[in-house]
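> One structure, pasted below without further comment.
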Amino acid sequence: MDVDDGRIDTKDAVAKHVASKKLGFPVLWDRGGKVVAKYGVRMYPTAALIGADGKVLWKGIPQANRAGEYAAMIEKALAHVDLEALKKNSDPFVTSSAKSVNQATQKSESH
């Protein structure tokens with residue numbers, strides 16, 4: 001998932017970018033920058049691996065030469081997730097702290 005800081009980019013600009021790049025993942029336009037602030041993003045691009053409990057497992061600047069390291073971190077994090085339960089659940093946020101992030105993002109989109 002990509003989170004776009006709405007304090008920098010307009011919603012229309014983000015929609016055009018997503019359409020032109022044919023991105024195969026969800027993109028949140030974070031109108032007021034609440035999600036960006038919650039996770040302490042200070043520069044772009046910033047990537048984060050967020051666990052099923054909503055806690056940041058890793059945050060930094062993504063680098064192509066570290067793809068194997070990132071894959072290993074993701075595999076380790078997924079070992080603690082019930083993937084079958086996720087497939088059955090229409091809401092990918094399955095923990096209370098992650099649900100609060102989801103609710104905050106929905107509120108920031110609607111304002």
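Letters A, B, ... go to the chains of the structure tokens in the order shown; residues in each chain start at 1; ligands are counted from 1 in the same order.
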List as a tab-separated table every residue of segment 14-65 of chain A that is in contact with segment 70-79 of chain A, defined as an atom at most 12 Å from one of its atoms (using only C-alpha atoms), together with the nearest atom pair and the distance in Å rounded to one decimal, sorted by chain and then rising number.


residue	atom	partner	partner_atom	distance
A:Ala47	CA	A:Tyr70	CA	10.3
A:Ala48	CA	A:Tyr70	CA	10.0
A:Leu49	CA	A:Ile74	CA	7.3
A:Ile50	CA	A:Ala77	CA	8.6
A:Gly51	CA	A:Ala77	CA	6.3
A:Ala52	CA	A:Ala77	CA	8.0
A:Asp53	CA	A:Ala77	CA	10.4
A:Gly54	CA	A:Ala77	CA	11.6
A:Lys55	CA	A:Ala77	CA	11.0
A:Val56	CA	A:Ala77	CA	10.8
A:Leu57	CA	A:Ala77	CA	8.2
A:Trp58	CA	A:Met73	CA	8.4
A:Lys59	CA	A:Tyr70	CA	10.6
A:Gly60	CA	A:Tyr70	CA	10.8
A:Ile61	CA	A:Tyr70	CA	11.4
A:Pro62	CA	A:Tyr70	CA	8.9
A:Gln63	CA	A:Tyr70	CA	9.3
A:Ala64	CA	A:Tyr70	CA	9.6
A:Asn65	CA	A:Tyr70	CA	9.8

> Would you mind writing down, as a list in words, each residue of segment 6-99 of chain A that DSSP on the backbone assigns to strand (DSSP E or B)?

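So, restricting segment 6-99 of chain A to strand (DSSP E or B), we get Val27, Leu28, Trp29, Asp30, Ala47, Ala48, Leu49, Ile50, Val56, Leu57, Trp58, Lys59 and Gly60 of chain A.
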
> Could you take the residues named above and write them with N, CA and C atoms, as a compact mmCIF listing (two decimals), in the first residue's frame?


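Heads up, here's the output in again.txt:
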# COMPACT_ATOMS: atom_id res chain seq x y z
N VAL A 27 -3.66 2.85 -3.04
CA VAL A 27 -2.99 4.11 -2.73
C VAL A 27 -3.97 4.97 -1.93
N LEU A 28 -3.52 5.37 -0.75
CA LEU A 28 -4.33 6.23 0.11
C LEU A 28 -3.86 7.67 -0.06
N TRP A 29 -4.76 8.55 -0.38
CA TRP A 29 -4.46 9.98 -0.38
C TRP A 29 -4.75 10.48 1.03
N ASP A 30 -3.70 10.77 1.77
CA ASP A 30 -3.77 11.15 3.18
C ASP A 30 -3.95 12.67 3.27
N ALA A 47 9.70 3.93 3.26
CA ALA A 47 8.96 2.66 3.26
C ALA A 47 8.88 2.17 4.70
N ALA A 48 7.83 1.41 4.98
CA ALA A 48 7.67 0.84 6.32
C ALA A 48 7.08 -0.55 6.21
N LEU A 49 7.54 -1.41 7.07
CA LEU A 49 6.94 -2.73 7.24
C LEU A 49 6.19 -2.66 8.56
N ILE A 50 4.87 -2.79 8.45
CA ILE A 50 4.00 -2.66 9.62
C ILE A 50 3.42 -4.02 9.93
N VAL A 56 5.37 -0.62 13.83
CA VAL A 56 6.38 -0.52 12.78
C VAL A 56 7.50 -1.50 13.09
N LEU A 57 7.74 -2.43 12.16
CA LEU A 57 8.82 -3.40 12.31
C LEU A 57 10.10 -2.88 11.68
N TRP A 58 9.96 -2.08 10.63
CA TRP A 58 11.10 -1.48 9.96
C TRP A 58 10.62 -0.24 9.23
N LYS A 59 11.45 0.80 9.22
CA LYS A 59 11.15 2.02 8.46
C LYS A 59 12.46 2.57 7.94
N GLY A 60 12.45 3.00 6.69
CA GLY A 60 13.65 3.58 6.11
C GLY A 60 13.43 3.97 4.66

> Between A:Arg7, A:Lys22, A:His17, A:Arg66, which one has atoms that come closest to Ala37 of chain A, using only C-alpha atoms?

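Using only C-alpha atoms, the shortest distance to Ala37 of chain A belongs to A:Arg7.
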
> If you count only C-alpha atoms, which residues fall within 12 Å of Ala13 of chain A, apart from same-chain ones fewer than 6 positions away, as a PDB file with N, CA and C atoms, in the first residue's frame?


ATOM      1  N   ASP A   4       0.004   8.572   0.153  1.00  0.00           N
ATOM      2  CA  ASP A   4       0.454   9.836  -0.422  1.00  0.00           C
ATOM      3  C   ASP A   4       0.089  10.972   0.520  1.00  0.00           C
ATOM      4  N   ASP A   5       1.058  11.810   0.831  1.00  0.00           N
ATOM      5  CA  ASP A   5       0.846  12.927   1.740  1.00  0.00           C
ATOM      6  C   ASP A   5       0.003  13.992   1.041  1.00  0.00           C
ATOM      7  N   GLY A   6      -1.250  14.098   1.443  1.00  0.00           N
ATOM      8  CA  GLY A   6      -2.178  15.047   0.833  1.00  0.00           C
ATOM      9  C   GLY A   6      -1.831  16.498   1.069  1.00  0.00           C
ATOM     10  N   ALA A  19      -3.458   6.094 -12.196  1.00  0.00           N
ATOM     11  CA  ALA A  19      -4.017   5.616 -13.468  1.00  0.00           C
ATOM     12  C   ALA A  19      -2.937   5.466 -14.535  1.00  0.00           C
ATOM     13  N   SER A  20      -2.028   6.432 -14.621  1.00  0.00           N
ATOM     14  CA  SER A  20      -0.996   6.384 -15.668  1.00  0.00           C
ATOM     15  C   SER A  20       0.020   5.278 -15.440  1.00  0.00           C
ATOM     16  N   TRP A  29      -4.763   8.552  -0.375  1.00  0.00           N
ATOM     17  CA  TRP A  29      -4.459   9.984  -0.376  1.00  0.00           C
ATOM     18  C   TRP A  29      -4.748  10.478   1.033  1.00  0.00           C
TER      19      TRP A  29
END

> Have a look at A:Gly68, A:Arg31, A:Ala85, A:Gly24 and name the one nearest to Asp12 of chain A; count only C-alpha atoms.

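Smallest distance to Asp12 of chain A is found for A:Arg31.
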
> Return the single residue from A:Pro45, A:Ala67, A:Asp82, A:Asp2 that is closest to Leu23 of chain A, with distances computed using only C-alpha atoms.

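Smallest distance to Leu23 of chain A is found for A:Asp2.
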